[in-house]
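Reproduced below: work.tsv, with TSV, C-alpha atoms.
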```
chain	number	residue	atom	x	y	z
A	1	MET	CA	-192.03	94.61	35.72
A	2	THR	CA	-191.22	91.13	36.92
A	3	ALA	CA	-187.97	90.46	38.71
A	4	THR	CA	-185.90	87.74	37.13
A	5	ALA	CA	-183.25	85.73	38.90
A	6	ALA	CA	-180.04	84.92	37.09
A	7	GLY	CA	-178.23	82.50	39.38
A	8	THR	CA	-176.32	79.33	38.79
A	9	GLY	CA	-176.21	78.13	42.38
A	10	ALA	CA	-172.63	79.27	43.10
A	11	GLY	CA	-172.19	82.70	44.67
A	12	PRO	CA	-174.96	85.16	45.35
A	13	ARG	CA	-177.97	85.19	43.08
A	14	ILE	CA	-178.56	88.52	41.47
A	15	VAL	CA	-182.13	89.65	41.04
A	16	ASP	CA	-182.41	92.03	38.12
A	17	LEU	CA	-184.77	94.84	39.12
A	18	ARG	CA	-184.23	97.98	36.99
A	19	ARG	CA	-186.95	99.92	38.72
A	20	GLY	CA	-187.08	103.62	39.20
A	21	VAL	CA	-186.82	104.41	42.89
A	22	LEU	CA	-189.62	106.93	42.50
A	23	GLU	CA	-191.81	104.61	40.43
A	24	LYS	CA	-194.64	104.75	42.95
A	25	ASN	CA	-194.53	108.55	43.02
A	26	ASP	CA	-194.47	108.63	39.23
A	27	GLN	CA	-197.50	106.31	39.02
A	28	LEU	CA	-199.44	108.57	41.37
A	29	ALA	CA	-198.30	111.61	39.38
A	30	ALA	CA	-199.54	109.97	36.19
A	31	GLY	CA	-202.91	109.44	37.90
A	32	LEU	CA	-203.03	113.10	38.87
A	33	ARG	CA	-202.13	114.11	35.33
A	34	GLU	CA	-205.04	112.08	33.95
A	35	ARG	CA	-207.35	113.61	36.52
A	36	TYR	CA	-206.27	117.15	35.58
A	37	ALA	CA	-206.70	116.35	31.89
A	38	ALA	CA	-210.22	115.01	32.49
A	39	ALA	CA	-211.09	118.16	34.46
A	40	GLY	CA	-209.52	120.42	31.83
A	41	VAL	CA	-207.48	122.33	34.40
A	42	ALA	CA	-203.99	123.74	33.73
A	43	VAL	CA	-201.71	122.82	36.63
A	44	SER	CA	-198.35	124.29	37.56
A	45	ASN	CA	-195.88	123.32	40.30
A	46	TRP	CA	-194.06	126.35	41.76
A	47	VAL	CA	-190.62	125.69	43.19
A	48	SER	CA	-188.02	128.06	44.62
A	49	SER	CA	-185.98	128.75	47.72
A	50	PRO	CA	-187.85	130.12	50.75
A	51	GLY	CA	-188.38	133.87	50.55
A	52	THR	CA	-188.42	134.17	46.76
A	53	GLY	CA	-191.90	135.66	46.94
A	54	LYS	CA	-194.04	132.79	45.67
A	55	THR	CA	-196.95	133.63	47.93
A	56	ALA	CA	-196.84	137.39	47.29
A	57	LEU	CA	-196.79	136.80	43.54
A	58	LEU	CA	-199.65	134.29	43.89
A	59	GLU	CA	-201.75	136.84	45.80
A	60	ARG	CA	-201.31	139.25	42.92
A	61	LEU	CA	-201.93	136.53	40.32
A	62	LEU	CA	-205.13	135.34	42.03
A	63	ALA	CA	-206.46	138.89	42.26
A	64	ARG	CA	-205.75	139.46	38.56
A	65	ALA	CA	-207.28	136.08	37.65
A	66	ALA	CA	-210.48	137.03	39.51
A	67	GLN	CA	-210.64	140.38	37.66
A	68	ARG	CA	-210.30	138.55	34.34
A	69	GLY	CA	-212.87	135.89	35.18
A	70	VAL	CA	-210.31	133.10	35.40
A	71	ALA	CA	-211.12	130.51	38.08
A	72	ALA	CA	-207.88	129.73	39.89
A	73	GLY	CA	-207.13	127.62	42.97
A	74	VAL	CA	-204.03	126.92	45.03
A	75	LEU	CA	-202.64	123.95	46.94
A	76	VAL	CA	-199.90	125.34	49.12
A	77	GLY	CA	-197.23	123.28	50.86
A	78	ASP	CA	-195.27	124.35	53.94
A	79	CYS	CA	-193.43	122.54	56.72
A	80	ALA	CA	-195.64	124.17	59.36
A	81	THR	CA	-198.53	126.66	59.78
A	82	ASP	CA	-201.41	127.55	57.47
A	83	ASN	CA	-200.26	131.17	57.23
A	84	ASP	CA	-199.89	131.04	53.46
A	85	ALA	CA	-203.31	129.47	52.90
A	86	ARG	CA	-204.93	132.17	55.04
A	87	ARG	CA	-203.09	134.91	53.11
A	88	LEU	CA	-204.11	133.44	49.76
A	89	ALA	CA	-207.70	132.69	50.81
A	90	ALA	CA	-208.15	136.41	51.47
A	91	THR	CA	-208.20	136.84	47.67
A	92	GLY	CA	-211.43	134.78	47.58
A	93	ALA	CA	-209.86	131.92	45.61
A	94	PRO	CA	-210.22	128.31	46.76
A	95	VAL	CA	-207.05	127.44	48.69
A	96	ARG	CA	-205.93	124.40	50.64
A	97	GLN	CA	-202.85	124.08	52.83
A	98	ILE	CA	-200.66	120.98	52.88
A	99	VAL	CA	-198.62	120.90	56.10
A	100	THR	CA	-195.71	118.52	55.55
A	101	GLU	CA	-194.66	118.49	59.22
A	102	GLY	CA	-191.04	119.01	58.39
A	103	LEU	CA	-190.77	117.17	55.09
A	104	CYS	CA	-188.79	119.36	52.69
A	105	HIS	CA	-190.84	118.77	49.54
A	106	LEU	CA	-194.26	117.69	48.27
A	107	GLU	CA	-194.82	114.18	46.93
A	108	ALA	CA	-197.54	112.97	44.57
A	109	ASP	CA	-199.30	110.99	47.31
A	110	MET	CA	-199.69	114.14	49.46
A	111	VAL	CA	-201.20	116.01	46.54
A	112	THR	CA	-203.51	113.07	45.80
A	113	THR	CA	-204.66	112.82	49.43
A	114	HIS	CA	-205.33	116.54	49.69
A	115	LEU	CA	-207.06	116.73	46.34
A	116	ASP	CA	-209.35	113.87	47.40
A	117	ALA	CA	-210.19	115.59	50.69
A	118	TRP	CA	-210.64	118.93	48.97
A	119	THR	CA	-213.06	117.55	46.36
A	120	ALA	CA	-214.91	115.67	49.11
A	121	ALA	CA	-215.25	119.03	50.87
A	122	GLY	CA	-216.85	120.53	47.78
A	123	LEU	CA	-214.09	121.67	45.40
A	124	ASP	CA	-215.17	121.35	41.77
A	125	LEU	CA	-211.88	120.64	40.00
A	126	ALA	CA	-213.53	120.85	36.59
A	127	GLY	CA	-214.76	124.32	37.53
A	128	LEU	CA	-211.15	125.58	37.79
A	129	ASP	CA	-209.21	126.95	34.84
A	130	LEU	CA	-205.97	127.01	36.76
A	131	LEU	CA	-204.51	125.15	39.73
A	132	VAL	CA	-201.20	126.23	41.24
A	133	VAL	CA	-199.34	123.84	43.53
A	134	GLU	CA	-196.98	125.97	45.63
A	135	ASN	CA	-194.22	123.62	46.72
A	136	VAL	CA	-192.24	123.81	49.96
A	137	GLY	CA	-189.50	126.45	49.66
A	138	ASN	CA	-186.41	124.37	48.86
A	139	LEU	CA	-184.05	124.49	45.90
A	140	VAL	CA	-182.98	120.84	45.94
A	141	CYS	CA	-185.49	118.19	46.99
A	142	PRO	CA	-188.66	119.18	45.06
A	143	SER	CA	-186.77	118.55	41.79
A	144	SER	CA	-187.03	114.77	42.23
A	145	TYR	CA	-190.81	114.58	42.62
A	146	ASP	CA	-193.25	114.77	39.73
A	147	LEU	CA	-196.60	116.05	41.04
A	148	GLY	CA	-198.50	115.51	37.80
A	149	GLU	CA	-198.18	119.17	36.82
A	150	GLY	CA	-198.35	120.36	33.22
A	151	VAL	CA	-195.60	122.87	33.81
A	152	ARG	CA	-192.96	123.29	36.50
A	153	VAL	CA	-192.19	126.91	37.32
A	154	VAL	CA	-188.95	127.82	39.08
A	155	LEU	CA	-188.82	131.27	40.68
A	156	LEU	CA	-185.67	133.29	41.31
A	157	SER	CA	-185.76	136.62	43.12
A	158	VAL	CA	-183.43	139.46	42.17
A	159	THR	CA	-182.24	139.56	45.79
A	160	GLU	CA	-180.84	136.02	45.69
A	161	GLY	CA	-177.71	136.34	43.60
A	162	GLU	CA	-177.34	135.86	39.89
A	163	ASP	CA	-175.37	132.62	40.16
A	164	LYS	CA	-178.04	130.66	42.04
A	165	PRO	CA	-178.92	128.57	38.96
A	166	LEU	CA	-175.27	127.46	38.78
A	167	LYS	CA	-175.25	126.56	42.47
A	168	TYR	CA	-178.57	124.65	42.39
A	169	PRO	CA	-178.80	123.33	38.83
A	170	GLN	CA	-181.15	120.37	39.42
A	171	LEU	CA	-184.24	122.43	40.03
A	172	PHE	CA	-183.63	124.71	37.06
A	173	ILE	CA	-182.99	121.74	34.79
A	174	SER	CA	-186.27	120.12	35.80
A	175	SER	CA	-188.27	123.33	35.21
A	176	ASP	CA	-190.21	124.42	32.13
A	177	LEU	CA	-190.49	128.14	32.89
A	178	VAL	CA	-188.29	130.52	34.90
A	179	VAL	CA	-189.88	133.48	36.71
A	180	LEU	CA	-187.76	136.36	38.02
A	181	THR	CA	-189.45	137.96	41.04
A	182	LYS	CA	-189.11	141.26	42.94
A	183	THR	CA	-187.91	143.11	39.83
A	184	ASP	CA	-188.95	146.38	41.54
A	185	LEU	CA	-185.90	145.83	43.79
A	186	ALA	CA	-183.48	145.12	40.94
A	187	ALA	CA	-181.83	148.55	40.91
A	188	ALA	CA	-181.60	148.77	44.71
A	189	VAL	CA	-179.72	145.45	44.95
A	190	GLU	CA	-177.72	146.08	41.73
A	191	PHE	CA	-179.15	142.94	40.13
A	192	ASP	CA	-177.08	141.96	37.10
A	193	GLU	CA	-179.84	140.63	34.85
A	194	PRO	CA	-177.63	139.57	31.90
A	195	ALA	CA	-175.50	137.52	34.35
A	196	ALA	CA	-178.61	135.88	35.78
A	197	LEU	CA	-179.97	135.09	32.31
A	198	GLN	CA	-176.58	133.65	31.34
A	199	ALA	CA	-176.55	131.46	34.47
A	200	ILE	CA	-180.08	130.21	33.70
A	201	ALA	CA	-179.17	129.49	30.07
A	202	THR	CA	-176.03	127.62	31.13
A	203	VAL	CA	-177.89	125.05	33.22
A	204	ALA	CA	-181.32	125.17	31.58
A	205	PRO	CA	-181.01	126.31	27.96
A	206	HIS	CA	-184.06	127.40	25.98
A	207	ARG	CA	-186.38	128.00	28.94
A	208	PRO	CA	-188.65	131.03	28.71
A	209	VAL	CA	-187.89	133.65	31.40
A	210	LEU	CA	-190.55	136.05	32.72
A	211	ARG	CA	-189.82	139.19	34.78
A	212	THR	CA	-192.37	139.83	37.52
A	213	SER	CA	-193.02	142.08	40.50
A	214	ALA	CA	-195.76	141.46	43.03
A	215	ARG	CA	-195.40	145.10	44.06
A	216	THR	CA	-195.78	146.82	40.67
A	217	GLY	CA	-197.70	144.03	38.94
A	218	GLU	CA	-195.07	143.70	36.21
A	219	GLY	CA	-195.40	140.42	34.34
A	220	VAL	CA	-198.47	139.20	36.23
A	221	ASP	CA	-200.66	139.15	33.12
A	222	ALA	CA	-197.93	137.49	31.09
A	223	LEU	CA	-197.53	134.82	33.78
A	224	LEU	CA	-201.27	134.23	33.94
A	225	GLU	CA	-201.38	133.79	30.18
A	226	ALA	CA	-198.36	131.46	30.19
A	227	LEU	CA	-199.98	129.28	32.86
A	228	LEU	CA	-203.33	129.20	31.05
A	229	ALA	CA	-201.50	128.14	27.87
A	230	THR	CA	-200.02	125.15	29.73
A	231	PRO	CA	-200.77	122.06	27.74
A	232	VAL	CA	-203.05	119.77	29.71
A	233	LEU	CA	-201.04	116.59	29.44
A	234	ALA	CA	-202.57	113.17	29.67
A	235	SER	CA	-199.19	111.48	29.99
A	236	SER	CA	-195.80	112.31	31.46
A	237	PRO	CA	-193.92	115.03	29.60
A	238	ALA	CA	-190.98	113.64	27.64
A	239	VAL	CA	-189.10	116.90	27.17
A	240	HIS	CA	-187.62	117.24	30.61
A	241	PRO	CA	-187.55	113.75	32.09
A	242	ARG	CA	-187.70	113.88	35.86
A	243	SER	CA	-187.41	110.79	37.99
A	244	GLU	CA	-187.87	108.44	35.07
A	245	GLU	CA	-184.92	107.11	33.16
A	246	VAL	CA	-183.66	109.29	30.34
A	247	PRO	CA	-184.41	107.62	27.02
B	1	MET	CA	-182.23	116.38	52.62
B	2	HIS	CA	-184.84	114.09	51.09
B	3	GLU	CA	-182.51	111.11	51.00
B	4	LEU	CA	-184.43	109.38	53.80
B	5	SER	CA	-187.59	109.44	51.64
B	6	ILE	CA	-185.53	108.08	48.75
B	7	ALA	CA	-183.98	105.35	50.94
B	8	GLN	CA	-187.45	104.31	52.14
B	9	ALA	CA	-188.58	104.10	48.51
B	10	VAL	CA	-185.58	101.86	47.75
B	11	VAL	CA	-186.52	99.59	50.66
B	12	ARG	CA	-190.14	99.35	49.43
B	13	THR	CA	-189.04	98.66	45.85
B	14	VAL	CA	-186.65	95.87	46.83
B	15	LEU	CA	-189.01	94.22	49.31
B	16	ALA	CA	-191.82	94.25	46.75
B	17	ALA	CA	-189.57	92.40	44.32
B	18	VAL	CA	-187.74	89.86	46.49
B	19	GLY	CA	-190.21	89.24	49.31
B	20	ASP	CA	-188.48	87.88	52.40
B	21	ALA	CA	-185.34	86.57	50.63
B	22	GLN	CA	-182.07	87.37	52.42
B	23	VAL	CA	-180.46	90.29	50.62
B	24	GLU	CA	-176.71	90.85	50.75
B	25	ALA	CA	-176.54	94.03	48.72
B	26	VAL	CA	-178.70	96.39	46.70
B	27	ASP	CA	-177.31	98.08	43.59
B	28	LEU	CA	-178.45	101.56	42.73
B	29	THR	CA	-177.57	104.00	39.95
B	30	VAL	CA	-177.65	107.68	40.91
B	31	GLY	CA	-177.32	110.37	38.25
B	32	ALA	CA	-175.37	113.54	38.93
B	33	LEU	CA	-178.55	115.55	38.33
B	34	SER	CA	-180.92	113.30	40.27
B	35	GLY	CA	-180.84	115.62	43.26
B	36	VAL	CA	-179.63	112.78	45.47
B	37	VAL	CA	-176.30	112.87	47.32
B	38	PRO	CA	-174.83	109.34	47.47
B	39	SER	CA	-173.14	109.82	50.88
B	40	ALA	CA	-176.36	111.15	52.43
B	41	LEU	CA	-178.27	108.27	50.83
B	42	GLU	CA	-175.86	105.70	52.28
B	43	PHE	CA	-176.39	107.20	55.73
B	44	ALA	CA	-180.17	107.23	55.29
B	45	TRP	CA	-180.09	103.66	53.98
B	46	GLU	CA	-179.02	102.26	57.35
B	47	VAL	CA	-181.88	104.08	59.04
B	48	ALA	CA	-184.46	103.04	56.45
B	49	ALA	CA	-183.36	99.38	56.36
B	50	THR	CA	-183.34	98.92	60.14
B	51	GLY	CA	-186.20	96.73	61.30
B	52	THR	CA	-186.88	95.45	57.78
B	53	PRO	CA	-185.64	92.23	56.10
B	54	LEU	CA	-183.01	94.44	54.43
B	55	GLU	CA	-181.31	95.33	57.71
B	56	GLY	CA	-177.58	94.80	57.28
B	57	ALA	CA	-177.69	94.71	53.48
B	58	ALA	CA	-175.15	96.93	51.74
B	59	LEU	CA	-176.17	99.73	49.40
B	60	VAL	CA	-173.85	99.94	46.41
B	61	VAL	CA	-174.20	103.22	44.53
B	62	THR	CA	-172.97	103.58	40.96
B	63	PRO	CA	-172.80	107.27	40.02
B	64	VAL	CA	-173.84	108.28	36.49
B	65	PRO	CA	-172.27	111.45	35.03
B	66	THR	CA	-174.23	114.15	33.21
B	67	THR	CA	-173.98	113.88	29.43
B	68	VAL	CA	-175.65	115.91	26.69
B	69	TRP	CA	-175.87	115.64	22.91
B	70	CYS	CA	-173.92	118.46	21.25
B	71	GLN	CA	-175.46	119.30	17.88
B	72	ARG	CA	-172.38	121.08	16.55
B	73	CYS	CA	-169.90	118.35	17.54
B	74	ALA	CA	-172.43	115.61	16.69
B	75	ALA	CA	-171.35	113.79	19.83
B	76	VAL	CA	-172.45	112.91	23.34
B	77	VAL	CA	-170.29	115.04	25.63
B	78	ALA	CA	-169.84	115.43	29.38
B	79	PRO	CA	-170.18	119.11	30.36
B	80	GLU	CA	-168.08	120.32	33.26
B	81	LEU	CA	-170.55	122.96	34.37
B	82	GLY	CA	-174.16	123.24	33.29
B	83	PHE	CA	-174.89	122.12	29.76
B	84	ALA	CA	-172.00	123.73	27.86
B	85	CYS	CA	-170.10	121.43	25.50
B	86	PRO	CA	-166.49	121.12	26.78
B	87	GLN	CA	-165.23	121.16	23.17
B	88	CYS	CA	-167.14	123.97	21.44
B	89	GLY	CA	-168.96	125.72	24.31
B	90	ASP	CA	-172.42	125.40	22.72
B	91	LEU	CA	-175.30	125.05	25.16
B	92	SER	CA	-177.43	121.96	24.78
B	93	GLY	CA	-180.60	121.04	26.61
B	94	ASP	CA	-180.59	117.58	25.05
B	95	LEU	CA	-179.84	115.57	28.17
B	96	ARG	CA	-178.64	112.00	27.58
B	97	SER	CA	-177.79	110.93	31.12
B	98	GLY	CA	-177.60	112.26	34.65
B	99	ARG	CA	-181.16	112.02	35.99
B	100	GLU	CA	-181.09	108.28	36.73
B	101	LEU	CA	-182.33	107.06	40.08
B	102	GLU	CA	-182.85	103.36	39.73
B	103	VAL	CA	-182.58	100.15	41.71
B	104	THR	CA	-180.70	98.00	39.24
B	105	SER	CA	-180.45	94.73	41.18
B	106	ALA	CA	-180.52	92.96	44.50
B	107	ARG	CA	-177.90	90.35	45.39
B	108	LEU	CA	-179.28	87.50	47.48
B	109	ARG	CA	-177.23	85.61	50.03
B	110	ALA	CA	-175.58	82.45	48.68
B	111	GLU	CA	-176.64	80.27	51.65
B	112	GLN	CA	-180.23	80.66	50.54
B	113	ASP	CA	-179.59	78.86	47.27
B	114	GLU	CA	-177.79	76.07	49.09
B	115	ALA	CA	-180.61	75.78	51.59
B	116	VAL	CA	-183.12	75.67	48.75
B	117	SER	CA	-181.20	73.02	46.76
B	118	ALA	CA	-180.32	70.92	49.84
```
Using the file provided, produce a representation of the structure as structure tokens.
Amino acid sequence: MTATAAGTGAGPRIVDLRRGVLEKNDQLAAGLRERYAAAGVAVSNWVSSPGTGKTALLERLLARAAQRGVAAGVLVGDCATDNDARRLAATGAPVRQIVTEGLCHLEADMVTTHLDAWTAAGLDLAGLDLLVVENVGNLVCPSSYDLGEGVRVVLLSVTEGEDKPLKYPQLFISSDLVVLTKTDLAAAVEFDEPAALQAIATVAPHRPVLRTSARTGEGVDALLEALLATPVLASSPAVHPRSEEVP
Amino acid sequence: MHELSIAQAVVRTVLAAVGDAQVEAVDLTVGALSGVVPSALEFAWEVAATGTPLEGAALVVTPVPTTVWCQRCAAVVAPELGFACPQCGDLSGDLRSGRELEVTSARLRAEQDEAVSA
């Protein structure tokens, strides 16, 4: 887009810009999306607060994927340490850690850089059926950044409180699929599931909700199938606009 | 707290468009669902602009409320909480505004024009 100046000489000139602040991120995300489409890999971006159990559920999911002959890989983001990558690599799946050094979310340029380095180190993206990008645990900031994923998955553990979607609506609004985790603990913490479902529906109507437990394995197959059914999108999804302007 | 990243993106966007022109103010629209807190962004703006040609320029934020299309009322409505229509209570996922995060314009200093025309 070209900036146009509308000035008459008197008073300040106003340069009309109308540019999305995250335009550069969105361009990189579009590049990633094309790359994933060309490789035929279904990509999901997992977002939640810290401690929701993303990594534990991923361990279970990767083990199940291996049993079923599904090739799955993970890019995992954290502020510090490669603890998660080491945990996940124990499943035998290809895993790469992104250390953000304090940054509270992943951006498309970090994913691009790491994907480049990972493929240079021998990863065959086209050989994967599934790629999970595990975002930094944070319920606010990751919502602004499109990472080129086909589906954004928001996770909510039964130990967090049923009204969390009402308190942190942005992330739920930007998601395509909601995953309840730690359902094996639901009775112990007196989780009010109808209240949680109502809270989810209030801020993010019509999203599918999956119940899962990394301990019992509940919902792991259903999640795997939902992720594999992710449409491989060649362009930005229009259903839940993210940083782009709402049409 | 990703407002510093956002402020840096605003600086890059404006500089790419206006070059080294003297900027008096930058206008930005921020939707209620954009995930960006205007007061935190204004604080981050000073940090991000320091040492760039935009140092000292004001950041003027125009907030945009959340609105959705309510099928039953056949109207664009502003929900108070979540996506429930304030009139009939129906839930709608048909978002019409609230996710904006856009640099709308940059106001250049008047002296520049005079200097150019002189």
Q) Of the residues B:Leu91, B:Ala40, B:Leu81, B:Leu108, which is the one nearest to B:Val14, using all atoms listed in the file? A)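 Looking at the shortest contact to B:Val14, the residue is B:Leu108.
Residue nearest B:Gly89 within the list A:Pro169, A:Ser213, A:Asp26, A:Thr202: A:Thr202 [criterion: smallest interatomic distance, all atoms listed in the file].
Computed from the coordinates, the atom CA of A:Leu171 to atom CA of A:Glu59 distance equals 23.4 Å.
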Q) stretch 152-167 of chain A: which residues within 9 Å, counting only C-alpha atoms, same-chain residues fewer than 3 positions away excluded, as a PyMOL selection string? A) (chain A and resi 43-49+51-54+149+170-186+189-204) or (chain B and resi 81-82)
Could you list, as a PDB file with C-alpha atoms, keeping the file's coordinate frame, every residue of chain B that has an atom within 9 Å of an atom of chain A, counting all atoms listed in the file?
```
ATOM      1  CA  MET B   1    -182.230 116.380  52.620  1.00  0.00           C
ATOM      2  CA  HIS B   2    -184.840 114.090  51.090  1.00  0.00           C
ATOM      3  CA  GLU B   3    -182.510 111.110  51.000  1.00  0.00           C
ATOM      4  CA  ILE B   6    -185.530 108.080  48.750  1.00  0.00           C
ATOM      5  CA  ALA B   7    -183.980 105.350  50.940  1.00  0.00           C
ATOM      6  CA  ALA B   9    -188.580 104.100  48.510  1.00  0.00           C
ATOM      7  CA  VAL B  10    -185.580 101.860  47.750  1.00  0.00           C
ATOM      8  CA  ARG B  12    -190.140  99.350  49.430  1.00  0.00           C
ATOM      9  CA  THR B  13    -189.040  98.660  45.850  1.00  0.00           C
ATOM     10  CA  VAL B  14    -186.650  95.870  46.830  1.00  0.00           C
ATOM     11  CA  ALA B  17    -189.570  92.400  44.320  1.00  0.00           C
ATOM     12  CA  VAL B  18    -187.740  89.860  46.490  1.00  0.00           C
ATOM     13  CA  GLU B  24    -176.710  90.850  50.750  1.00  0.00           C
ATOM     14  CA  LEU B  28    -178.450 101.560  42.730  1.00  0.00           C
ATOM     15  CA  ALA B  32    -175.370 113.540  38.930  1.00  0.00           C
ATOM     16  CA  LEU B  33    -178.550 115.550  38.330  1.00  0.00           C
ATOM     17  CA  SER B  34    -180.920 113.300  40.270  1.00  0.00           C
ATOM     18  CA  GLY B  35    -180.840 115.620  43.260  1.00  0.00           C
ATOM     19  CA  VAL B  36    -179.630 112.780  45.470  1.00  0.00           C
ATOM     20  CA  LEU B  81    -170.550 122.960  34.370  1.00  0.00           C
ATOM     21  CA  GLY B  82    -174.160 123.240  33.290  1.00  0.00           C
ATOM     22  CA  PHE B  83    -174.890 122.120  29.760  1.00  0.00           C
ATOM     23  CA  ALA B  84    -172.000 123.730  27.860  1.00  0.00           C
ATOM     24  CA  LEU B  91    -175.300 125.050  25.160  1.00  0.00           C
ATOM     25  CA  SER B  92    -177.430 121.960  24.780  1.00  0.00           C
ATOM     26  CA  GLY B  93    -180.600 121.040  26.610  1.00  0.00           C
ATOM     27  CA  ASP B  94    -180.590 117.580  25.050  1.00  0.00           C
ATOM     28  CA  LEU B  95    -179.840 115.570  28.170  1.00  0.00           C
ATOM     29  CA  ARG B  96    -178.640 112.000  27.580  1.00  0.00           C
ATOM     30  CA  SER B  97    -177.790 110.930  31.120  1.00  0.00           C
ATOM     31  CA  GLY B  98    -177.600 112.260  34.650  1.00  0.00           C
ATOM     32  CA  ARG B  99    -181.160 112.020  35.990  1.00  0.00           C
ATOM     33  CA  GLU B 100    -181.090 108.280  36.730  1.00  0.00           C
ATOM     34  CA  LEU B 101    -182.330 107.060  40.080  1.00  0.00           C
ATOM     35  CA  GLU B 102    -182.850 103.360  39.730  1.00  0.00           C
ATOM     36  CA  VAL B 103    -182.580 100.150  41.710  1.00  0.00           C
ATOM     37  CA  THR B 104    -180.700  98.000  39.240  1.00  0.00           C
ATOM     38  CA  SER B 105    -180.450  94.730  41.180  1.00  0.00           C
ATOM     39  CA  ALA B 106    -180.520  92.960  44.500  1.00  0.00           C
ATOM     40  CA  ARG B 107    -177.900  90.350  45.390  1.00  0.00           C
ATOM     41  CA  LEU B 108    -179.280  87.500  47.480  1.00  0.00           C
ATOM     42  CA  ARG B 109    -177.230  85.610  50.030  1.00  0.00           C
ATOM     43  CA  ALA B 110    -175.580  82.450  48.680  1.00  0.00           C
ATOM     44  CA  GLU B 111    -176.640  80.270  51.650  1.00  0.00           C
ATOM     45  CA  GLN B 112    -180.230  80.660  50.540  1.00  0.00           C
ATOM     46  CA  ASP B 113    -179.590  78.860  47.270  1.00  0.00           C
ATOM     47  CA  GLU B 114    -177.790  76.070  49.090  1.00  0.00           C
ATOM     48  CA  SER B 117    -181.200  73.020  46.760  1.00  0.00           C
TER      49      SER B 117
END
```
Q: Please indicate the distance in Å from atom CA of B:Val61 to atom CA of A:Gly137, rounded to one decimal place.
A: 28.3 Å
**Q.** Spatial neighbours of B:Val47, 10 Å, only C-alpha atoms, chain gap at least 5 places, as number ranges by chain
**A.** B: 4, 7-8, 41-42, 55
